[in-house]
>>> print(open('structure.txt').read())   # compact mmCIF, C-alpha atoms
# COMPACT_ATOMS: atom_id res chain seq x y z
CA MET A 128 -8.14 21.96 28.00
CA GLN A 129 -5.32 19.58 27.24
CA PHE A 130 -4.49 19.44 30.98
CA VAL A 131 -8.10 18.65 31.86
CA ARG A 132 -8.21 15.89 29.26
CA GLN A 133 -4.98 14.40 30.56
CA SER A 134 -6.24 14.54 34.15
CA VAL A 135 -9.45 12.76 33.23
CA MET A 136 -7.45 10.14 31.39
CA THR A 137 -5.25 9.57 34.46
CA LEU A 138 -8.30 9.13 36.66
CA LYS A 139 -9.78 6.46 34.45
CA ARG A 140 -9.15 3.01 35.77
CA PRO A 141 -7.59 0.85 33.11
CA THR A 142 -10.01 -1.85 32.12
CA GLN A 143 -8.45 -5.22 31.54
CA SER A 144 -10.76 -7.80 30.11
CA THR A 145 -9.86 -11.39 30.91
CA PRO A 146 -10.76 -13.70 28.08
CA LYS A 147 -13.44 -16.22 28.96
CA LYS A 148 -12.00 -19.67 29.47
CA ARG A 149 -13.44 -23.11 28.85
CA ARG A 150 -12.24 -26.48 30.01
CA THR A 151 -11.56 -29.00 27.25
CA THR A 152 -9.60 -32.16 26.57
CA LEU A 153 -6.91 -32.20 23.92
CA THR A 154 -4.92 -35.08 22.53
CA LEU A 155 -1.45 -33.78 21.72
CA PRO A 156 1.69 -35.47 20.41
CA ALA A 157 3.72 -36.57 23.43
CA ASP A 158 6.90 -34.74 22.38
CA ILE A 159 5.04 -31.45 21.91
CA LEU A 160 3.34 -31.81 25.27
CA GLN A 161 6.71 -32.58 26.88
CA GLU A 162 8.20 -29.46 25.28
CA ALA A 163 5.25 -27.35 26.48
CA GLU A 164 5.67 -28.73 30.01
CA GLY A 165 9.36 -27.80 29.92
CA ILE A 166 8.55 -24.24 28.86
CA ALA A 167 5.82 -24.00 31.51
CA ARG A 168 8.24 -25.13 34.24
CA ALA A 169 10.90 -22.67 33.10
CA ARG A 170 8.42 -19.78 33.03
CA GLN A 171 6.58 -20.92 36.16
CA VAL A 172 3.20 -20.90 34.45
CA ASN A 173 0.83 -23.78 33.83
CA VAL A 174 0.82 -25.88 30.66
CA SER A 175 -2.56 -24.46 29.60
CA THR A 176 -1.03 -20.98 29.40
CA VAL A 177 1.80 -22.19 27.16
CA ILE A 178 -0.57 -24.16 24.90
CA ALA A 179 -3.00 -21.20 24.71
CA GLU A 180 -0.21 -18.79 23.71
CA ALA A 181 1.13 -21.16 21.07
CA LEU A 182 -2.35 -21.77 19.68
CA SER A 183 -3.10 -18.05 19.67
CA ASP A 184 0.10 -17.31 17.70
CA GLY A 185 -0.70 -20.11 15.27
CA LEU A 186 -4.24 -18.85 14.73
CA ARG A 187 -2.95 -15.30 14.17
CA LEU A 188 -0.51 -16.55 11.53
CA GLN A 189 -3.26 -18.57 9.89
CA THR A 190 -5.57 -15.55 9.78
CA ALA A 191 -2.77 -13.40 8.33
CA ALA A 192 -1.99 -16.01 5.67
CA GLU A 193 -5.69 -16.23 4.71
CA ARG A 194 -5.92 -12.42 4.54
CA ALA A 195 -2.79 -12.31 2.38
CA GLU A 196 -4.23 -14.88 -0.04
CA HIS A 197 -7.45 -12.90 -0.24
CA ILE A 198 -5.58 -9.68 -1.11
CA ILE A 199 -3.32 -11.40 -3.67
CA GLU A 200 -6.39 -12.95 -5.30
CA GLY A 201 -8.09 -9.53 -5.30
CA TYR A 202 -5.12 -7.97 -7.11
CA LYS A 203 -5.11 -10.82 -9.61
CA ASN A 204 -8.77 -10.15 -10.39
CA ALA A 205 -8.20 -6.39 -10.53
CA PHE A 206 -5.19 -6.41 -12.86
CA SER A 207 -5.14 -9.60 -14.91
CA GLY A 208 -6.16 -9.70 -18.56
CA PHE A 209 -5.01 -6.18 -19.34
CA SER A 210 -2.38 -5.35 -21.96
CA ASP A 211 0.67 -3.24 -21.07
CA ASP A 212 -0.98 -0.14 -22.58
CA GLU A 213 -4.20 -0.80 -20.65
CA MET A 214 -2.21 -1.36 -17.47
CA ALA A 215 -0.49 2.00 -18.03
CA ILE A 216 -3.94 3.61 -18.19
CA LEU A 217 -4.92 1.85 -14.95
CA ASP A 218 -1.73 3.26 -13.42
CA GLY A 219 -2.87 6.77 -14.28
CA VAL A 220 -1.06 7.23 -17.59
CA ILE A 221 -3.77 8.25 -20.04
CA LEU A 222 -2.54 7.36 -23.51
CA GLU A 223 -4.20 8.53 -26.71
CA GLU A 224 -3.68 7.72 -30.39
CA ASP A 225 -0.60 9.58 -31.63
CA ALA A 226 -2.08 12.20 -33.99
CA ARG A 227 1.27 12.67 -35.75
CA ARG A 228 1.31 9.11 -37.05
CA MET B 225 16.14 -6.85 -0.48
CA VAL B 226 13.83 -4.86 1.79
CA SER B 227 12.22 -6.90 4.54
CA PRO B 228 8.41 -6.53 4.59
CA ARG B 229 8.79 -6.36 8.37
CA PHE B 230 10.08 -2.79 7.98
CA GLY B 231 6.61 -1.73 6.83
CA PRO B 232 3.97 -0.54 6.65
CA PHE B 233 4.80 1.31 3.46
CA GLN B 234 2.82 3.59 1.20
CA PHE B 235 2.50 2.50 -2.44
CA ASP B 236 2.52 4.72 -5.49
CA THR B 237 -0.09 3.85 -8.15
CA SER B 238 2.30 2.25 -10.63
CA ALA B 239 4.21 0.38 -7.89
CA GLU B 240 0.95 -1.11 -6.59
CA GLY B 241 0.07 -2.11 -10.16
CA TRP B 242 3.51 -3.60 -10.83
CA LEU B 243 3.50 -5.64 -7.62
CA GLY B 244 -0.17 -6.62 -7.76
CA ARG B 245 -0.14 -7.70 -11.39
CA GLY B 246 2.22 -10.53 -10.51
CA THR B 247 4.28 -10.56 -13.73
CA ASN B 248 7.46 -10.22 -11.67
CA VAL B 249 7.73 -13.39 -9.59
CA GLU B 250 10.08 -11.98 -6.94
CA GLY B 251 8.04 -8.79 -6.55
CA HIS B 252 4.84 -10.77 -6.23
CA ALA B 253 6.38 -13.05 -3.60
CA TRP B 254 7.51 -9.97 -1.67
CA LEU B 255 3.96 -8.56 -1.84
CA ARG B 256 2.56 -11.86 -0.52
CA GLN B 257 4.88 -11.64 2.51
CA TYR B 258 4.08 -7.95 2.99
CA VAL B 259 0.29 -8.33 3.03
CA ALA B 260 0.54 -11.11 5.61
CA LEU B 261 2.04 -8.49 7.93
CA HIS B 262 0.63 -5.11 6.93
CA GLU B 263 -2.14 -3.34 5.07
CA ILE B 264 -1.49 -1.77 1.68
CA HIS B 265 -1.37 2.00 2.26
CA VAL B 266 -2.17 4.27 -0.68
CA SER B 267 -3.00 7.92 -1.17
CA ALA B 268 -6.54 8.91 -2.18
CA ILE B 269 -4.84 10.17 -5.36
CA THR B 270 -3.99 6.56 -6.28
CA VAL B 271 -7.68 5.71 -6.02
CA ILE B 272 -8.50 8.65 -8.31
CA GLU B 273 -5.89 7.55 -10.89
CA ARG B 274 -6.99 3.92 -10.75
CA ILE B 275 -10.74 4.57 -10.99
CA ARG B 276 -10.20 7.09 -13.77
CA GLY B 277 -8.19 4.39 -15.57
CA TYR B 278 -10.93 1.76 -15.21
CA SER B 279 -13.55 4.26 -16.31
CA SER B 280 -11.46 5.33 -19.30
CA LEU B 281 -10.99 1.71 -20.44
CA TRP B 282 -14.69 0.98 -19.84
CA SER B 283 -15.82 3.89 -22.01
CA ARG B 284 -13.64 2.67 -24.92
CA ALA B 285 -14.65 -1.00 -24.63
CA ASP B 286 -17.39 -3.06 -26.26
CA ARG B 287 -20.20 -4.60 -24.15
CA LEU B 288 -18.42 -7.87 -23.39
CA ASN B 289 -15.19 -6.18 -22.33
CA ARG B 290 -17.11 -3.66 -20.26
CA GLU B 291 -18.32 -6.47 -18.01
CA ARG B 292 -14.75 -7.70 -17.55
CA ILE B 293 -13.47 -4.20 -16.77
CA GLU B 294 -16.29 -3.55 -14.32
CA ALA B 295 -15.56 -6.85 -12.55
CA ALA B 296 -11.88 -5.84 -12.29
CA ARG B 297 -12.84 -2.43 -10.92
CA ILE B 298 -15.06 -4.00 -8.26
CA ALA B 299 -12.27 -6.44 -7.35
CA TYR B 300 -9.90 -3.48 -6.93
CA LEU B 301 -12.33 -1.58 -4.73
CA ASN B 302 -13.05 -4.66 -2.60
CA ASN B 303 -9.30 -5.02 -2.09
CA LEU B 304 -8.57 -1.46 -0.99
CA GLY B 305 -6.35 -1.24 2.06
CA ARG B 306 -5.72 1.95 4.01
CA VAL B 307 -6.46 5.06 1.95
CA TRP B 308 -4.78 8.26 3.18
CA PRO B 309 -6.86 11.37 2.61
CA LEU B 310 -5.80 14.52 0.80
CA ASP B 311 -6.14 16.84 3.78
CA ALA B 312 -4.92 20.39 4.48
CA ALA B 313 -1.39 19.31 5.49
CA VAL B 314 -0.97 17.21 2.36
CA ALA B 315 -2.35 20.02 0.20
CA VAL B 316 0.16 22.51 1.65
CA VAL B 317 3.11 20.18 1.11
CA ALA B 318 1.98 19.24 -2.42
CA GLY B 319 1.64 22.93 -3.27
CA GLU B 320 5.21 23.54 -2.10
CA ILE B 321 6.49 20.62 -4.19
CA VAL B 322 4.82 21.72 -7.44
CA ALA B 323 6.03 25.28 -6.84
CA LEU B 324 9.61 24.03 -6.49
CA VAL B 325 9.39 21.64 -9.45
CA PRO B 326 6.64 23.03 -11.71
CA GLU B 327 7.50 20.96 -14.78
CA PRO B 328 7.53 17.16 -14.97
CA PRO B 329 11.13 15.90 -14.82
CA SER B 330 10.57 13.16 -17.40
CA PRO B 331 8.93 13.41 -20.87
CA PRO B 332 5.39 12.21 -21.69
CA ARG B 333 5.05 8.42 -21.89
CA ARG B 334 4.64 6.83 -25.29
CA SER B 335 4.17 3.31 -26.51
CA HIS B 336 3.86 1.69 -29.93
CA ARG B 337 1.07 3.89 -31.32
CA LEU B 338 -0.06 5.77 -28.26
CA ILE B 339 1.20 8.91 -26.58
CA GLU B 340 0.51 10.86 -23.41
CA SER B 341 -0.44 14.48 -24.09
CA ARG B 342 1.56 17.27 -22.45
CA GLN B 343 -1.53 18.25 -20.47
CA GLU B 344 -1.96 14.69 -19.20
CA ARG B 345 1.73 14.51 -18.31
CA LEU B 346 1.45 17.69 -16.25
CA ALA B 347 -1.66 16.37 -14.46
CA ARG B 348 0.12 13.09 -13.68
CA TRP B 349 3.13 14.99 -12.37
CA ARG B 350 0.91 16.95 -10.01
CA PHE B 351 -0.72 13.72 -8.86
CA ASP B 352 2.76 12.33 -8.14
CA ALA B 353 3.52 15.43 -6.07
CA MET B 354 0.34 14.84 -4.05
CA ILE B 355 1.24 11.17 -3.53
CA ALA B 356 4.74 12.15 -2.35
CA ALA B 357 3.22 14.80 -0.07
CA THR B 358 0.88 12.20 1.44
CA ALA B 359 3.81 9.89 2.24
CA LEU B 360 5.84 12.78 3.64
CA VAL B 361 3.05 13.98 5.94
CA ALA B 362 2.27 10.40 7.03
CA GLY B 363 5.98 9.82 7.70
CA MET B 364 5.90 6.68 5.59
CA THR B 365 8.37 5.30 3.09
CA LEU B 366 6.97 5.47 -0.43
CA ILE B 367 7.32 2.43 -2.69
CA HIS B 368 7.37 3.72 -6.26
CA ASN B 369 8.08 2.70 -9.84
CA ASN B 370 9.02 6.10 -11.20
CA ALA B 371 12.53 7.07 -10.17
CA ALA B 372 12.82 10.19 -12.34
CA ASP B 373 9.80 11.90 -10.81
CA PHE B 374 10.06 10.86 -7.18
CA GLU B 375 13.82 11.33 -6.92
CA SER B 376 13.31 14.90 -8.25
CA ILE B 377 10.76 15.50 -5.51
CA ARG B 378 13.11 14.10 -2.86
CA GLY B 379 15.92 16.33 -4.16
CA ALA B 380 13.70 19.43 -4.13
CA ILE B 381 12.64 18.74 -0.52
CA GLU B 382 16.25 18.26 0.56
CA ARG B 383 17.34 21.49 -1.14
CA SER B 384 14.56 23.53 0.49
CA PRO B 385 14.10 22.14 4.02
CA THR B 386 12.67 25.45 5.30
CA ARG B 387 9.63 24.94 3.04
CA PHE B 388 8.93 21.62 4.78
CA PRO B 389 9.39 22.30 8.50
CA ASN B 390 9.43 19.20 10.73
CA LEU B 391 9.01 16.98 7.70
CA GLY B 392 11.26 14.76 5.68
CA PRO B 393 13.38 13.45 4.29
CA LEU B 394 11.12 11.73 1.78
CA GLU B 395 12.05 8.05 2.05
CA LEU B 396 11.79 6.20 -1.25
CA ILE B 397 12.20 2.60 -2.34
CA ARG B 398 11.86 1.56 -5.96
CA CYS B 399 9.57 -1.48 -6.27
CA THR B 400 12.05 -3.29 -8.52
CA SER B 401 14.59 -3.33 -5.67
CA LEU B 402 12.24 -4.75 -3.02
CA ALA B 403 12.94 -8.44 -3.61
>>> encode(input="structure.txt", output="structure tokens")
Amino acid sequence: MQFVRQSVMTLKRPTQSTPKKRRTTLTLPADILQEAEGIARARQVNVSTVIAEALSDGLRLQTAAERAEHIIEGYKNAFSGFSDDEMAILDGVILEEDARR
Amino acid sequence: MVSPRFGPFQFDTSAEGWLGRGTNVEGHAWLRQYVALHEIHVSAITVIERIRGYSSLWSRADRLNRERIEAARIAYLNNLGRVWPLDAAVAVVAGEIVALVPEPPSPPRRSHRLIESRQERLARWRFDAMIAATALVAGMTLIHNNAADFESIRGAIERSPTRFPNLGPLELIRCTSLA
């Protein structure tokens, strides 16, 4: 069964989706554009590729930072305003009044 | 200092609470860096402990405080990362751990006027064993805030490797040493 599954997987043609592209005009700082052109020349790709990669990385970092802020805020709302004893209970330590006192 | 890049890690209940509460500035800064890179991974047992805690506080609170506790509970649930299930493999490993270390290594917790019953301590110990088992089966490092219990579990696993074939060692990092 495993062999059959592997064979089927080998027969499948890998699908590679090319992201849709759109032409646009950007105004960029001259030094940044110059740096991008240098990288493009060195890698033998066009400037659009270099700019797209840099933008994609930047957007990914921005999304990650926004997600991080959202999670940190969620924790703040979930745990703030509780005393140490209450926080212990939220951590799974169920404390009761000490009957011996 | 443990780089968040080495993650993802699994978080014990009290470690998640300690880091998420934000009272320790360095720990909180570490968590901020970590969540920009990875999800928070917890065992389903952590969700049980946490929700039981919210419910316990809610049942003791007056009407006004109940609203606050419920809002906090919803915020926690909305913030859940990756929850690892308690499946057959985890159950087997947890069973082995509690058989090797049947009694909790540390005494019941107590605070100013409150105390943890022996029964509750035993239940919490078994939960810790299940959390450790989840990390072990997932092959993830466990971030914890309870050295006495989790180091005992690590020791037991190392002393009886035949009971944990193809698993281990249990990798542990105490949350206070992250940042």
>>> interface_residues(input="structure.txt", of="chain B", to="chain A", cutoff="8 Å", atoms="all atoms listed in the file", output="MDAnalysis selection string")
chainID B and resid 237:238 241 244:246 256:257 259:261 273:278 280:281 295:300 302:303 333:335 337:341 344:345 348
>>> write_last_selection(input="structure.txt", atoms="C-alpha atoms", output="tab-separated table (two decimals), in the coordinates of the input")
chain	number	residue	atom	x	y	z
B	237	THR	CA	-0.09	3.85	-8.15
B	238	SER	CA	2.30	2.25	-10.63
B	241	GLY	CA	0.07	-2.11	-10.16
B	244	GLY	CA	-0.17	-6.62	-7.76
B	245	ARG	CA	-0.14	-7.70	-11.39
B	246	GLY	CA	2.22	-10.53	-10.51
B	256	ARG	CA	2.56	-11.86	-0.52
B	257	GLN	CA	4.88	-11.64	2.51
B	259	VAL	CA	0.29	-8.33	3.03
B	260	ALA	CA	0.54	-11.11	5.61
B	261	LEU	CA	2.04	-8.49	7.93
B	273	GLU	CA	-5.89	7.55	-10.89
B	274	ARG	CA	-6.99	3.92	-10.75
B	275	ILE	CA	-10.74	4.57	-10.99
B	276	ARG	CA	-10.20	7.09	-13.77
B	277	GLY	CA	-8.19	4.39	-15.57
B	278	TYR	CA	-10.93	1.76	-15.21
B	280	SER	CA	-11.46	5.33	-19.30
B	281	LEU	CA	-10.99	1.71	-20.44
B	295	ALA	CA	-15.56	-6.85	-12.55
B	296	ALA	CA	-11.88	-5.84	-12.29
B	297	ARG	CA	-12.84	-2.43	-10.92
B	298	ILE	CA	-15.06	-4.00	-8.26
B	299	ALA	CA	-12.27	-6.44	-7.35
B	300	TYR	CA	-9.90	-3.48	-6.93
B	302	ASN	CA	-13.05	-4.66	-2.60
B	303	ASN	CA	-9.30	-5.02	-2.09
B	333	ARG	CA	5.05	8.42	-21.89
B	334	ARG	CA	4.64	6.83	-25.29
B	335	SER	CA	4.17	3.31	-26.51
B	337	ARG	CA	1.07	3.89	-31.32
B	338	LEU	CA	-0.06	5.77	-28.26
B	339	ILE	CA	1.20	8.91	-26.58
B	340	GLU	CA	0.51	10.86	-23.41
B	341	SER	CA	-0.44	14.48	-24.09
B	344	GLU	CA	-1.96	14.69	-19.20
B	345	ARG	CA	1.73	14.51	-18.31
B	348	ARG	CA	0.12	13.09	-13.68
>>> residues_around(input="structure.txt", residues="segment 144-157 of chain A", least_positions_apart="3", cutoff="12 Å", atoms="all atoms listed in the file", output="mmCIF file with C-alpha atoms, keeping the file's coordinate frame")
data_model
loop_
_atom_site.group_PDB
_atom_site.id
_atom_site.type_symbol
_atom_site.label_atom_id
_atom_site.label_comp_id
_atom_site.auth_asym_id
_atom_site.auth_seq_id
_atom_site.Cartn_x
_atom_site.Cartn_y
_atom_site.Cartn_z
ATOM 1 C CA PRO A 141 -7.590 0.850 33.110
ATOM 2 C CA LEU A 160 3.340 -31.810 25.270
ATOM 3 C CA GLN A 161 6.710 -32.580 26.880
ATOM 4 C CA GLU A 162 8.200 -29.460 25.280
ATOM 5 C CA ALA A 163 5.250 -27.350 26.480
ATOM 6 C CA GLU A 164 5.670 -28.730 30.010
ATOM 7 C CA SER A 175 -2.560 -24.460 29.600
ATOM 8 C CA THR A 176 -1.030 -20.980 29.400
ATOM 9 C CA ILE A 178 -0.570 -24.160 24.900
ATOM 10 C CA ALA A 179 -3.000 -21.200 24.710
#
>>> atom_distance(input="structure.txt", atom1="atom CA of Glu263 of chain B", atom2="atom CA of Ala312 of chain B")
23.9 Å
>>> atom_distance(input="structure.txt", atom1="atom CA of Val307 of chain B", atom2="atom CA of His265 of chain B")
5.9 Å
>>> atom_distance(input="structure.txt", atom1="atom CA of Pro332 of chain B", atom2="atom CA of Thr247 of chain B")
24.1 Å
>>> closest_residue(input="structure.txt", among="B:Ala380, B:Ile355, B:Ala362, B:Ile293", to="Pro329 of chain B", atoms="only C-alpha atoms")
B:Ala380
>>> residues_around(input="structure.txt", residues="Pro389 of chain B", least_positions_apart="2", cutoff="12 Å", atoms="only C-alpha atoms", output="ChimeraX atom specification")
/B:313,316-317,320,360-361,381-382,384-387,391-393
>>> write_last_selection(input="structure.txt", atoms="C-alpha atoms", output="PDB file, in the coordinates of the input")
ATOM      1  CA  ALA B 313      -1.390  19.310   5.490  1.00  0.00           C
ATOM      2  CA  VAL B 316       0.160  22.510   1.650  1.00  0.00           C
ATOM      3  CA  VAL B 317       3.110  20.180   1.110  1.00  0.00           C
ATOM      4  CA  GLU B 320       5.210  23.540  -2.100  1.00  0.00           C
ATOM      5  CA  LEU B 360       5.840  12.780   3.640  1.00  0.00           C
ATOM      6  CA  VAL B 361       3.050  13.980   5.940  1.00  0.00           C
ATOM      7  CA  ILE B 381      12.640  18.740  -0.520  1.00  0.00           C
ATOM      8  CA  GLU B 382      16.250  18.260   0.560  1.00  0.00           C
ATOM      9  CA  SER B 384      14.560  23.530   0.490  1.00  0.00           C
ATOM     10  CA  PRO B 385      14.100  22.140   4.020  1.00  0.00           C
ATOM     11  CA  THR B 386      12.670  25.450   5.300  1.00  0.00           C
ATOM     12  CA  ARG B 387       9.630  24.940   3.040  1.00  0.00           C
ATOM     13  CA  LEU B 391       9.010  16.980   7.700  1.00  0.00           C
ATOM     14  CA  GLY B 392      11.260  14.760   5.680  1.00  0.00           C
ATOM     15  CA  PRO B 393      13.380  13.450   4.290  1.00  0.00           C
TER      16      PRO B 393
END
>>> residues_around(input="structure.txt", residues="Ile159 of chain A", least_positions_apart="6", cutoff="12 Å", atoms="all atoms listed in the file", output="list in words")
Gly165, Ile166, Val174, Val177, Ile178 and Ala181 of chain A
>>> residues_around(input="structure.txt", residues="segment 225-232 of chain B", least_positions_apart="2", cutoff="7 Å", atoms="all atoms listed in the file", output="MDAnalysis selection string")
chainID B and resid 234 257:258 262:263 401:403
>>> write_last_selection(input="structure.txt", atoms="C-alpha atoms", output="compact mmCIF listing (two decimals), keeping the file's coordinate frame")
# COMPACT_ATOMS: atom_id res chain seq x y z
CA GLN B 234 2.82 3.59 1.20
CA GLN B 257 4.88 -11.64 2.51
CA TYR B 258 4.08 -7.95 2.99
CA HIS B 262 0.63 -5.11 6.93
CA GLU B 263 -2.14 -3.34 5.07
CA SER B 401 14.59 -3.33 -5.67
CA LEU B 402 12.24 -4.75 -3.02
CA ALA B 403 12.94 -8.44 -3.61
>>> residues_around(input="structure.txt", residues="Ala371 of chain B", least_positions_apart="5", cutoff="10 Å", atoms="all atoms listed in the file", output="ChimeraX atom specification")
/B:330,376-377,396-399
>>> axis_aligned_box(input="structure.txt", around="segment 361-364 of chain B", padding_each_side="6 Å", output="JSON")
{"center_x": 4.1, "center_y": 10.3, "center_z": 6.6, "size_x": 15.7, "size_y": 19.3, "size_z": 14.1}
